[in-house]
Amino acid sequence: AAEEGFDLEDVEGAIEEAGHGPLPVLAVVGRPNVGKSTLVNRIIGRREAVVEDKPGVTRDRVTYEAEWAGRRFKVVDTGGWEQDVLGIDASVAAQAEYAIDAADAVVFVVDAKVGATDTDEAVVRLLRKAGKPVVLCANKVDGPSGEADASYLWSLGLGEPHPVSALHGRGTGDMLDKVLEALPEAPAQRFGTALGGPRRIALIGRPNVGKSSLLNKVAGEERVVVNELAGTTRDPVDEIIELGGKTWKFVDTAGIRKRVHLQQGADYYASLRTAAAVEKAEVAVVLIDGSESISVQDQRIVTMAVEAGRALVLAYNKWDTLDEERRYYLEREIETELGQVAWAPRVNVSALTGRHMEKLVPAIETALAGWETRVPTGRLNAFLGELVAAHPHPVRGGKQPRILFGTQAGTKPPRFVLFASGFIEAGYRRFIERRLREEFGFEGTPIHISVRVRE
Ligand code: GDP
Ligand code: GDP
């Protein structure tokens, strides 16, 4: 590193920064209008337009990456969902339970000016049951005179209320310090492999693609699909299923089977559920209805899994209904709409007839293997050396930026740091990614490449 003009400390820092595996997850929950979205904006340090959203306007972005005091984590914002037919308590509880289930720690936001309401108490019961670390945020304490309001919230029995003004930033730093104490370094305990337990699969896809049917098929039994009624939210349930001689954990299968008919916010609710399932899983199986055109919603769900850095399998369902013409058009759609994930293993299945069910497990295993691939530094640099010699970066402003060396900083998914002598253009980065995939496989996994430029 030194002879290439990089400071060893910088190199180590870059590797450490890039090398993280799945990040721990913080959920921000509470009643509508207590200031959850405002707080999330403050935590992520960006002005995303989430607070300006009009009621009933759905958004599908629910997880964000954040950093505080040098530690990175994910934030799940449950602020996007309005009350619906379930009634206020059940609505708040339903969205909170998914977020809490996927989280490593929770910030529970209460409006200190209003005090604890029955709905707040309902969330407290959920939090107790979940047993996750909770930081109590007494929001809307915009000045010292509000601090007395915050102290009333001791009555919730969740420990010290932290007086905060999400709007002005007052107290948020102290609260985030507490959040870091509550958050584990990595969400390792949620990943089966760390404990030698079953691998975790999130079976996701838009409504009616056949998730519930597929789950029933692979579980080898016809389950009753419960039409759950208002107020009967229940715990998201993970299900252990034997497949291909191995044990797998399908996460959030209750969410798949639950049929709550929502009026407002149904899309947001579905997004929250999908995001929560993806966070809990190592591999996402995205089910797509092959009989219909690939939609923006399908693409969003795929993107969610990719951005979360999970292994990915694409399963095209309802294959039994596809005639030759539809199959032709489907192939064209896959190329144009999902070309960016051409690296994902693909299976064409029918949950109805059981077609190609046996191909699901090998595809999942391939994706997980790609996700965990580690390329030895020597091999990587031999490859990079040849690549750079054969295909140099275009000359820019009389200079030729060069990749000097690189290393794989982490796995799950594979993360690379490349060290360069000058700015490396996006096109050349994509070229390197393509060549890395050709050389080392990485089937079924997103890969991250960050480039450090010598000062
Ligand atoms: P959510 O429904 O829980 O996500 O709440 P929002 O973040 O949308 O906030 C609801 C309203 O409360 C908005 O008008 C915010 O500007 C306001 N608000 C949020 N945090 C604070 C705060 O710390 N102080 C004051 N005074 N208002 C706040
Ligand atoms: P979910 O909303 O994704 O859980 O979808 P469901 O499993 O409830 O399926 C939606 C509809 O598609 C139901 O009527 C299923 O019977 C039907 N379906 C699911 N898989 C298949 C399949 O492979 N072939 C056919 N023909 N229909 C299917």
# chains A, B, ... in the order shown; residues from 1 in each chain; ligands from 1

call {"tool": "residues_near_ligand", "arguments": {"ligand": "ligand 2", "cutoff": "7 Å", "atoms": "only C-alpha atoms and all ligand atoms", "output": "VMD selection string"}}
result
chain A and resid 205 to 214 256 to 257 317 to 321 349 to 353

call {"tool": "write_last_selection", "arguments": {"atoms": "N, CA and C atoms", "output": "PDB file, in the first residue's frame"}}
result
ATOM      1  N   GLY A 205     -43.218 -10.769  -2.739  1.00  0.00           N
ATOM      2  CA  GLY A 205     -43.804 -10.532  -4.048  1.00  0.00           C
ATOM      3  C   GLY A 205     -45.099  -9.776  -3.859  1.00  0.00           C
ATOM      4  N   ARG A 206     -45.579  -9.180  -4.932  1.00  0.00           N
ATOM      5  CA  ARG A 206     -46.785  -8.383  -4.779  1.00  0.00           C
ATOM      6  C   ARG A 206     -47.993  -9.300  -4.538  1.00  0.00           C
ATOM      7  N   PRO A 207     -49.123  -8.719  -4.134  1.00  0.00           N
ATOM      8  CA  PRO A 207     -50.295  -9.542  -3.824  1.00  0.00           C
ATOM      9  C   PRO A 207     -50.712 -10.412  -5.017  1.00  0.00           C
ATOM     10  N   ASN A 208     -51.163 -11.617  -4.702  1.00  0.00           N
ATOM     11  CA  ASN A 208     -51.729 -12.537  -5.690  1.00  0.00           C
ATOM     12  C   ASN A 208     -50.741 -13.173  -6.657  1.00  0.00           C
ATOM     13  N   VAL A 209     -49.448 -13.042  -6.401  1.00  0.00           N
ATOM     14  CA  VAL A 209     -48.494 -13.732  -7.273  1.00  0.00           C
ATOM     15  C   VAL A 209     -48.409 -15.215  -6.927  1.00  0.00           C
ATOM     16  N   GLY A 210     -48.912 -15.574  -5.724  1.00  0.00           N
ATOM     17  CA  GLY A 210     -48.929 -16.984  -5.355  1.00  0.00           C
ATOM     18  C   GLY A 210     -48.039 -17.342  -4.171  1.00  0.00           C
ATOM     19  N   LYS A 211     -47.723 -16.380  -3.328  1.00  0.00           N
ATOM     20  CA  LYS A 211     -46.826 -16.635  -2.185  1.00  0.00           C
ATOM     21  C   LYS A 211     -47.420 -17.673  -1.239  1.00  0.00           C
ATOM     22  N   SER A 212     -48.687 -17.431  -0.909  1.00  0.00           N
ATOM     23  CA  SER A 212     -49.334 -18.339   0.028  1.00  0.00           C
ATOM     24  C   SER A 212     -49.467 -19.741  -0.580  1.00  0.00           C
ATOM     25  N   SER A 213     -49.795 -19.802  -1.870  1.00  0.00           N
ATOM     26  CA  SER A 213     -49.903 -21.100  -2.540  1.00  0.00           C
ATOM     27  C   SER A 213     -48.553 -21.823  -2.555  1.00  0.00           C
ATOM     28  N   LEU A 214     -47.496 -21.079  -2.836  1.00  0.00           N
ATOM     29  CA  LEU A 214     -46.168 -21.687  -2.892  1.00  0.00           C
ATOM     30  C   LEU A 214     -45.749 -22.207  -1.522  1.00  0.00           C
ATOM     31  N   ILE A 256     -47.632 -13.464   5.132  1.00  0.00           N
ATOM     32  CA  ILE A 256     -48.045 -13.946   3.818  1.00  0.00           C
ATOM     33  C   ILE A 256     -49.496 -14.403   3.864  1.00  0.00           C
ATOM     34  N   ARG A 257     -49.832 -15.059   4.948  1.00  0.00           N
ATOM     35  CA  ARG A 257     -51.169 -15.643   4.991  1.00  0.00           C
ATOM     36  C   ARG A 257     -52.229 -14.671   5.490  1.00  0.00           C
ATOM     37  N   ASN A 317     -43.844 -17.609 -11.307  1.00  0.00           N
ATOM     38  CA  ASN A 317     -44.915 -18.538 -10.930  1.00  0.00           C
ATOM     39  C   ASN A 317     -46.025 -18.572 -11.979  1.00  0.00           C
ATOM     40  N   LYS A 318     -46.927 -19.505 -11.768  1.00  0.00           N
ATOM     41  CA  LYS A 318     -48.106 -19.720 -12.632  1.00  0.00           C
ATOM     42  C   LYS A 318     -47.676 -20.169 -14.020  1.00  0.00           C
ATOM     43  N   TRP A 319     -46.549 -20.862 -14.074  1.00  0.00           N
ATOM     44  CA  TRP A 319     -46.002 -21.316 -15.349  1.00  0.00           C
ATOM     45  C   TRP A 319     -47.009 -22.210 -16.088  1.00  0.00           C
ATOM     46  N   ASP A 320     -47.874 -22.864 -15.311  1.00  0.00           N
ATOM     47  CA  ASP A 320     -48.882 -23.744 -15.926  1.00  0.00           C
ATOM     48  C   ASP A 320     -49.833 -22.991 -16.849  1.00  0.00           C
ATOM     49  N   THR A 321     -49.953 -21.682 -16.643  1.00  0.00           N
ATOM     50  CA  THR A 321     -50.931 -20.922 -17.445  1.00  0.00           C
ATOM     51  C   THR A 321     -50.302 -20.235 -18.666  1.00  0.00           C
ATOM     52  N   VAL A 349     -41.776 -21.781 -11.992  1.00  0.00           N
ATOM     53  CA  VAL A 349     -42.503 -22.735 -11.150  1.00  0.00           C
ATOM     54  C   VAL A 349     -44.016 -22.611 -11.317  1.00  0.00           C
ATOM     55  N   SER A 350     -44.683 -23.601 -10.782  1.00  0.00           N
ATOM     56  CA  SER A 350     -46.130 -23.500 -10.620  1.00  0.00           C
ATOM     57  C   SER A 350     -46.472 -23.981  -9.229  1.00  0.00           C
ATOM     58  N   ALA A 351     -46.964 -23.068  -8.435  1.00  0.00           N
ATOM     59  CA  ALA A 351     -47.365 -23.439  -7.080  1.00  0.00           C
ATOM     60  C   ALA A 351     -48.589 -24.348  -7.138  1.00  0.00           C
ATOM     61  N   LEU A 352     -49.326 -24.251  -8.254  1.00  0.00           N
ATOM     62  CA  LEU A 352     -50.535 -25.059  -8.408  1.00  0.00           C
ATOM     63  C   LEU A 352     -50.185 -26.514  -8.697  1.00  0.00           C
ATOM     64  N   THR A 353     -49.345 -26.757  -9.683  1.00  0.00           N
ATOM     65  CA  THR A 353     -49.037 -28.131 -10.087  1.00  0.00           C
ATOM     66  C   THR A 353     -47.795 -28.685  -9.394  1.00  0.00           C
TER      67      THR A 353
END

call {"tool": "residues_around", "arguments": {"residues": "A:Val286", "least_positions_apart": "4", "cutoff": "7 Å", "atoms": "only C-alpha atoms", "output": "PyMOL selection string"}}
result
chain A and resi 203-205+302+313-315

call {"tool": "residues_near_ligand", "arguments": {"ligand": "ligand 1", "cutoff": "7 Å", "atoms": "only C-alpha atoms and all ligand atoms", "output": "ChimeraX atom specification"}}
result
/A:30-39,51,79-80,139-142,164-168

call {"tool": "write_last_selection", "arguments": {"atoms": "N, CA and C atoms", "output": "PDB file, in the first residue's frame"}}
result
ATOM      1  N   GLY A  30     -44.634   4.254  16.958  1.00  0.00           N
ATOM      2  CA  GLY A  30     -45.449   5.150  17.769  1.00  0.00           C
ATOM      3  C   GLY A  30     -46.723   5.514  17.022  1.00  0.00           C
ATOM      4  N   ARG A  31     -47.578   6.265  17.702  1.00  0.00           N
ATOM      5  CA  ARG A  31     -48.846   6.686  17.107  1.00  0.00           C
ATOM      6  C   ARG A  31     -48.611   7.624  15.929  1.00  0.00           C
ATOM      7  N   PRO A  32     -49.643   7.821  15.093  1.00  0.00           N
ATOM      8  CA  PRO A  32     -49.527   8.838  14.039  1.00  0.00           C
ATOM      9  C   PRO A  32     -49.315  10.220  14.671  1.00  0.00           C
ATOM     10  N   ASN A  33     -48.542  11.056  13.988  1.00  0.00           N
ATOM     11  CA  ASN A  33     -48.351  12.460  14.366  1.00  0.00           C
ATOM     12  C   ASN A  33     -47.518  12.734  15.608  1.00  0.00           C
ATOM     13  N   VAL A  34     -46.887  11.701  16.161  1.00  0.00           N
ATOM     14  CA  VAL A  34     -46.028  11.968  17.311  1.00  0.00           C
ATOM     15  C   VAL A  34     -44.666  12.499  16.857  1.00  0.00           C
ATOM     16  N   GLY A  35     -44.383  12.353  15.555  1.00  0.00           N
ATOM     17  CA  GLY A  35     -43.122  12.891  15.035  1.00  0.00           C
ATOM     18  C   GLY A  35     -42.118  11.831  14.596  1.00  0.00           C
ATOM     19  N   LYS A  36     -42.610  10.637  14.270  1.00  0.00           N
ATOM     20  CA  LYS A  36     -41.701   9.547  13.871  1.00  0.00           C
ATOM     21  C   LYS A  36     -40.911   9.907  12.617  1.00  0.00           C
ATOM     22  N   SER A  37     -41.622  10.378  11.595  1.00  0.00           N
ATOM     23  CA  SER A  37     -40.935  10.683  10.342  1.00  0.00           C
ATOM     24  C   SER A  37     -39.956  11.837  10.504  1.00  0.00           C
ATOM     25  N   THR A  38     -40.351  12.817  11.313  1.00  0.00           N
ATOM     26  CA  THR A  38     -39.456  13.947  11.588  1.00  0.00           C
ATOM     27  C   THR A  38     -38.189  13.440  12.266  1.00  0.00           C
ATOM     28  N   LEU A  39     -38.362  12.527  13.208  1.00  0.00           N
ATOM     29  CA  LEU A  39     -37.213  11.966  13.914  1.00  0.00           C
ATOM     30  C   LEU A  39     -36.328  11.150  12.968  1.00  0.00           C
ATOM     31  N   VAL A  51     -42.120  13.830   5.569  1.00  0.00           N
ATOM     32  CA  VAL A  51     -43.076  14.508   6.442  1.00  0.00           C
ATOM     33  C   VAL A  51     -44.121  15.270   5.628  1.00  0.00           C
ATOM     34  N   GLY A  79     -43.746   5.644   9.900  1.00  0.00           N
ATOM     35  CA  GLY A  79     -44.576   6.851   9.890  1.00  0.00           C
ATOM     36  C   GLY A  79     -45.465   7.008   8.673  1.00  0.00           C
ATOM     37  N   GLY A  80     -45.398   6.081   7.740  1.00  0.00           N
ATOM     38  CA  GLY A  80     -46.082   6.308   6.478  1.00  0.00           C
ATOM     39  C   GLY A  80     -47.485   5.763   6.373  1.00  0.00           C
ATOM     40  N   ASN A 139     -41.087  13.077  22.592  1.00  0.00           N
ATOM     41  CA  ASN A 139     -40.880  14.069  21.534  1.00  0.00           C
ATOM     42  C   ASN A 139     -41.682  15.348  21.761  1.00  0.00           C
ATOM     43  N   LYS A 140     -41.330  16.343  20.974  1.00  0.00           N
ATOM     44  CA  LYS A 140     -41.954  17.669  20.996  1.00  0.00           C
ATOM     45  C   LYS A 140     -41.628  18.434  22.274  1.00  0.00           C
ATOM     46  N   VAL A 141     -40.494  18.082  22.879  1.00  0.00           N
ATOM     47  CA  VAL A 141     -39.984  18.897  23.976  1.00  0.00           C
ATOM     48  C   VAL A 141     -39.049  19.920  23.328  1.00  0.00           C
ATOM     49  N   ASP A 142     -39.649  21.024  22.899  1.00  0.00           N
ATOM     50  CA  ASP A 142     -38.897  21.994  22.105  1.00  0.00           C
ATOM     51  C   ASP A 142     -38.045  22.935  22.960  1.00  0.00           C
ATOM     52  N   VAL A 164     -36.851  15.067  23.701  1.00  0.00           N
ATOM     53  CA  VAL A 164     -36.284  15.318  22.383  1.00  0.00           C
ATOM     54  C   VAL A 164     -37.176  16.295  21.635  1.00  0.00           C
ATOM     55  N   SER A 165     -36.563  17.126  20.801  1.00  0.00           N
ATOM     56  CA  SER A 165     -37.329  17.845  19.800  1.00  0.00           C
ATOM     57  C   SER A 165     -36.835  17.378  18.444  1.00  0.00           C
ATOM     58  N   ALA A 166     -37.614  16.487  17.861  1.00  0.00           N
ATOM     59  CA  ALA A 166     -37.205  15.955  16.551  1.00  0.00           C
ATOM     60  C   ALA A 166     -37.155  17.083  15.540  1.00  0.00           C
ATOM     61  N   LEU A 167     -38.027  18.051  15.731  1.00  0.00           N
ATOM     62  CA  LEU A 167     -38.134  19.162  14.791  1.00  0.00           C
ATOM     63  C   LEU A 167     -36.888  20.045  14.824  1.00  0.00           C
ATOM     64  N   HIS A 168     -36.406  20.363  16.036  1.00  0.00           N
ATOM     65  CA  HIS A 168     -35.282  21.290  16.155  1.00  0.00           C
ATOM     66  C   HIS A 168     -33.962  20.600  16.466  1.00  0.00           C
TER      67      HIS A 168
END

call {"tool": "closest_residue", "arguments": {"among": "A:Ser293, A:Gln408, A:Thr303, A:Asn216", "to": "A:Leu436", "atoms": "only C-alpha atoms"}}
result
A:Gln408

call {"tool": "closest_residue", "arguments": {"among": "A:Glu443, A:Glu438, A:Asp323, A:Glu331", "to": "A:Trp343", "atoms": "only C-alpha atoms"}}
result
A:Glu443

call {"tool": "select_by_dssp", "arguments": {"residues": "stretch 364-449 of chain A", "states": "alpha helix (DSSP H)", "output": "MDAnalysis selection string"}}
result
chainID A and resid 364:371 377:390 426:440

call {"tool": "atom_distance", "arguments": {"atom1": "atom CA of A:Val40", "atom2": "atom CA of A:Ala94"}}
result
19.5 Å

call {"tool": "residues_around", "arguments": {"residues": "A:Thr366", "least_positions_apart": "3", "cutoff": "9 Å", "atoms": "only C-alpha atoms", "output": "ChimeraX atom specification"}}
result
/A:345,361-363,369-371,442-444

call {"tool": "write_last_selection", "arguments": {"atoms": "C-alpha atoms", "output": "mmCIF file, in the first residue's frame"}}
result
data_model
loop_
_atom_site.group_PDB
_atom_site.id
_atom_site.type_symbol
_atom_site.label_atom_id
_atom_site.label_comp_id
_atom_site.auth_asym_id
_atom_site.auth_seq_id
_atom_site.Cartn_x
_atom_site.Cartn_y
_atom_site.Cartn_z
ATOM 1 C CA PRO A 345 -30.771 -17.588 -10.306
ATOM 2 C CA VAL A 361 -33.590 -25.241 -3.114
ATOM 3 C CA PRO A 362 -30.606 -25.529 -5.498
ATOM 4 C CA ALA A 363 -31.297 -21.966 -6.650
ATOM 5 C CA ALA A 369 -23.024 -19.478 -1.852
ATOM 6 C CA GLY A 370 -22.531 -16.382 -4.017
ATOM 7 C CA TRP A 371 -23.511 -14.182 -1.093
ATOM 8 C CA PHE A 442 -21.300 -14.227 -7.464
ATOM 9 C CA GLU A 443 -24.457 -15.779 -8.784
ATOM 10 C CA GLY A 444 -27.479 -14.603 -6.847
#

call {"tool": "select_by_dssp", "arguments": {"residues": "stretch 364-418 of chain A", "states": "strand (DSSP E or B)", "output": "list in words"}}
result
Arg396, Lys399, Ile403, Leu404, Phe405, Gly406, Thr407, Gln408, Ala409, Gly410, Arg415, Phe416, Val417 and Leu418 of chain A

call {"tool": "closest_residue", "arguments": {"among": "A:Glu4, A:Glu365, A:Glu372, A:Asp104", "to": "A:Val28", "atoms": "only C-alpha atoms"}}
result
A:Asp104

call {"tool": "residues_around", "arguments": {"residues": "A:Ala93", "least_positions_apart": "6", "cutoff": "9 Å", "atoms": "only C-alpha atoms", "output": "JSON, numbers by chain"}}
result
{"A": [30, 31, 119, 122, 123, 126, 233]}

call {"tool": "write_last_selection", "arguments": {"atoms": "C-alpha atoms", "output": "short mmCIF file (atom, residue, chain, number, x, y, z; two decimals), in the first residue's frame"}}
result
data_model
loop_
_atom_site.label_atom_id
_atom_site.label_comp_id
_atom_site.auth_asym_id
_atom_site.auth_seq_id
_atom_site.Cartn_x
_atom_site.Cartn_y
_atom_site.Cartn_z
CA GLY A 30 -45.45 5.15 17.77
CA ARG A 31 -48.85 6.69 17.11
CA THR A 119 -52.84 3.61 21.99
CA ALA A 122 -51.13 -0.84 23.44
CA VAL A 123 -47.72 -0.39 21.83
CA LEU A 126 -46.28 -5.19 22.19
CA THR A 233 -53.38 -8.88 14.49
#

call {"tool": "atom_distance", "arguments": {"atom1": "atom CA of A:Arg435", "atom2": "atom CA of A:Val388"}}
result
11.1 Å

call {"tool": "residues_around", "arguments": {"residues": "A:Glu181", "least_positions_apart": "2", "cutoff": "12 Å", "atoms": "only C-alpha atoms", "output": "VMD selection string"}}
result
chain A and resid 26 68 to 69 71 104 to 106 133 to 135 174 to 179 183 to 185

call {"tool": "write_last_selection", "arguments": {"atoms": "N, CA and C atoms", "output": "mmCIF file, in the first residue's frame"}}
result
data_model
loop_
_atom_site.group_PDB
_atom_site.id
_atom_site.type_symbol
_atom_site.label_atom_id
_atom_site.label_comp_id
_atom_site.auth_asym_id
_atom_site.auth_seq_id
_atom_site.Cartn_x
_atom_site.Cartn_y
_atom_site.Cartn_z
ATOM 1 N N LEU A 26 -32.819 -0.550 13.493
ATOM 2 C CA LEU A 26 -33.540 0.221 14.498
ATOM 3 C C LEU A 26 -34.934 0.516 13.958
ATOM 4 N N TRP A 68 -24.262 7.133 13.170
ATOM 5 C CA TRP A 68 -24.104 8.018 14.314
ATOM 6 C C TRP A 68 -22.845 7.602 15.058
ATOM 7 N N ALA A 69 -22.024 8.569 15.390
ATOM 8 C CA ALA A 69 -20.778 8.323 16.113
ATOM 9 C C ALA A 69 -19.978 7.190 15.463
ATOM 10 N N ARG A 71 -20.941 4.681 13.793
ATOM 11 C CA ARG A 71 -21.570 3.360 13.631
ATOM 12 C C ARG A 71 -22.728 3.427 12.660
ATOM 13 N N ASP A 104 -33.499 -4.823 15.850
ATOM 14 C CA ASP A 104 -32.606 -5.206 16.935
ATOM 15 C C ASP A 104 -32.838 -4.319 18.144
ATOM 16 N N ALA A 105 -33.352 -3.127 17.909
ATOM 17 C CA ALA A 105 -33.699 -2.204 18.992
ATOM 18 C C ALA A 105 -34.800 -1.284 18.468
ATOM 19 N N VAL A 106 -35.532 -0.678 19.399
ATOM 20 C CA VAL A 106 -36.697 0.114 19.019
ATOM 21 C C VAL A 106 -36.637 1.490 19.677
ATOM 22 N N PRO A 133 -34.625 -4.338 23.141
ATOM 23 C CA PRO A 133 -34.261 -3.100 23.838
ATOM 24 C C PRO A 133 -35.060 -1.912 23.300
ATOM 25 N N VAL A 134 -35.557 -1.072 24.199
ATOM 26 C CA VAL A 134 -36.386 0.066 23.809
ATOM 27 C C VAL A 134 -35.783 1.362 24.341
ATOM 28 N N VAL A 135 -35.714 2.373 23.483
ATOM 29 C CA VAL A 135 -35.357 3.711 23.934
ATOM 30 C C VAL A 135 -36.619 4.557 23.818
ATOM 31 N N ASP A 174 -28.164 12.978 22.424
ATOM 32 C CA ASP A 174 -28.126 12.159 23.636
ATOM 33 C C ASP A 174 -28.947 10.896 23.448
ATOM 34 N N MET A 175 -30.108 11.062 22.795
ATOM 35 C CA MET A 175 -30.946 9.891 22.590
ATOM 36 C C MET A 175 -30.257 8.878 21.686
ATOM 37 N N LEU A 176 -29.594 9.360 20.636
ATOM 38 C CA LEU A 176 -28.910 8.442 19.720
ATOM 39 C C LEU A 176 -27.753 7.714 20.410
ATOM 40 N N ASP A 177 -27.120 8.391 21.371
ATOM 41 C CA ASP A 177 -26.094 7.692 22.150
ATOM 42 C C ASP A 177 -26.701 6.477 22.850
ATOM 43 N N LYS A 178 -27.896 6.668 23.402
ATOM 44 C CA LYS A 178 -28.596 5.554 24.067
ATOM 45 C C LYS A 178 -28.957 4.465 23.056
ATOM 46 N N VAL A 179 -29.354 4.910 21.864
ATOM 47 C CA VAL A 179 -29.712 3.948 20.820
ATOM 48 C C VAL A 179 -28.508 3.068 20.497
ATOM 49 N N LEU A 183 -28.203 -0.978 20.534
ATOM 50 C CA LEU A 183 -28.061 -1.734 19.282
ATOM 51 C C LEU A 183 -26.854 -2.661 19.343
ATOM 52 N N PRO A 184 -27.040 -3.922 18.950
ATOM 53 C CA PRO A 184 -25.873 -4.795 18.854
ATOM 54 C C PRO A 184 -24.999 -4.358 17.678
ATOM 55 N N GLU A 185 -23.726 -4.722 17.692
ATOM 56 C CA GLU A 185 -22.810 -4.366 16.605
ATOM 57 C C GLU A 185 -23.322 -4.891 15.267
#

call {"tool": "closest_residue", "arguments": {"among": "A:Arg42, A:Lys280, A:Lys129, A:Lys249", "to": "A:Leu23", "atoms": "only C-alpha atoms"}}
result
A:Lys280

call {"tool": "closest_residue", "arguments": {"among": "A:Lys399, A:Arg326, A:Arg300, A:Lys246", "to": "A:Ser271", "atoms": "only C-alpha atoms"}}
result
A:Arg300

call {"tool": "atom_distance", "arguments": {"atom1": "atom CA of A:Arg379", "atom2": "atom CA of A:Gly339"}}
result
28.5 Å
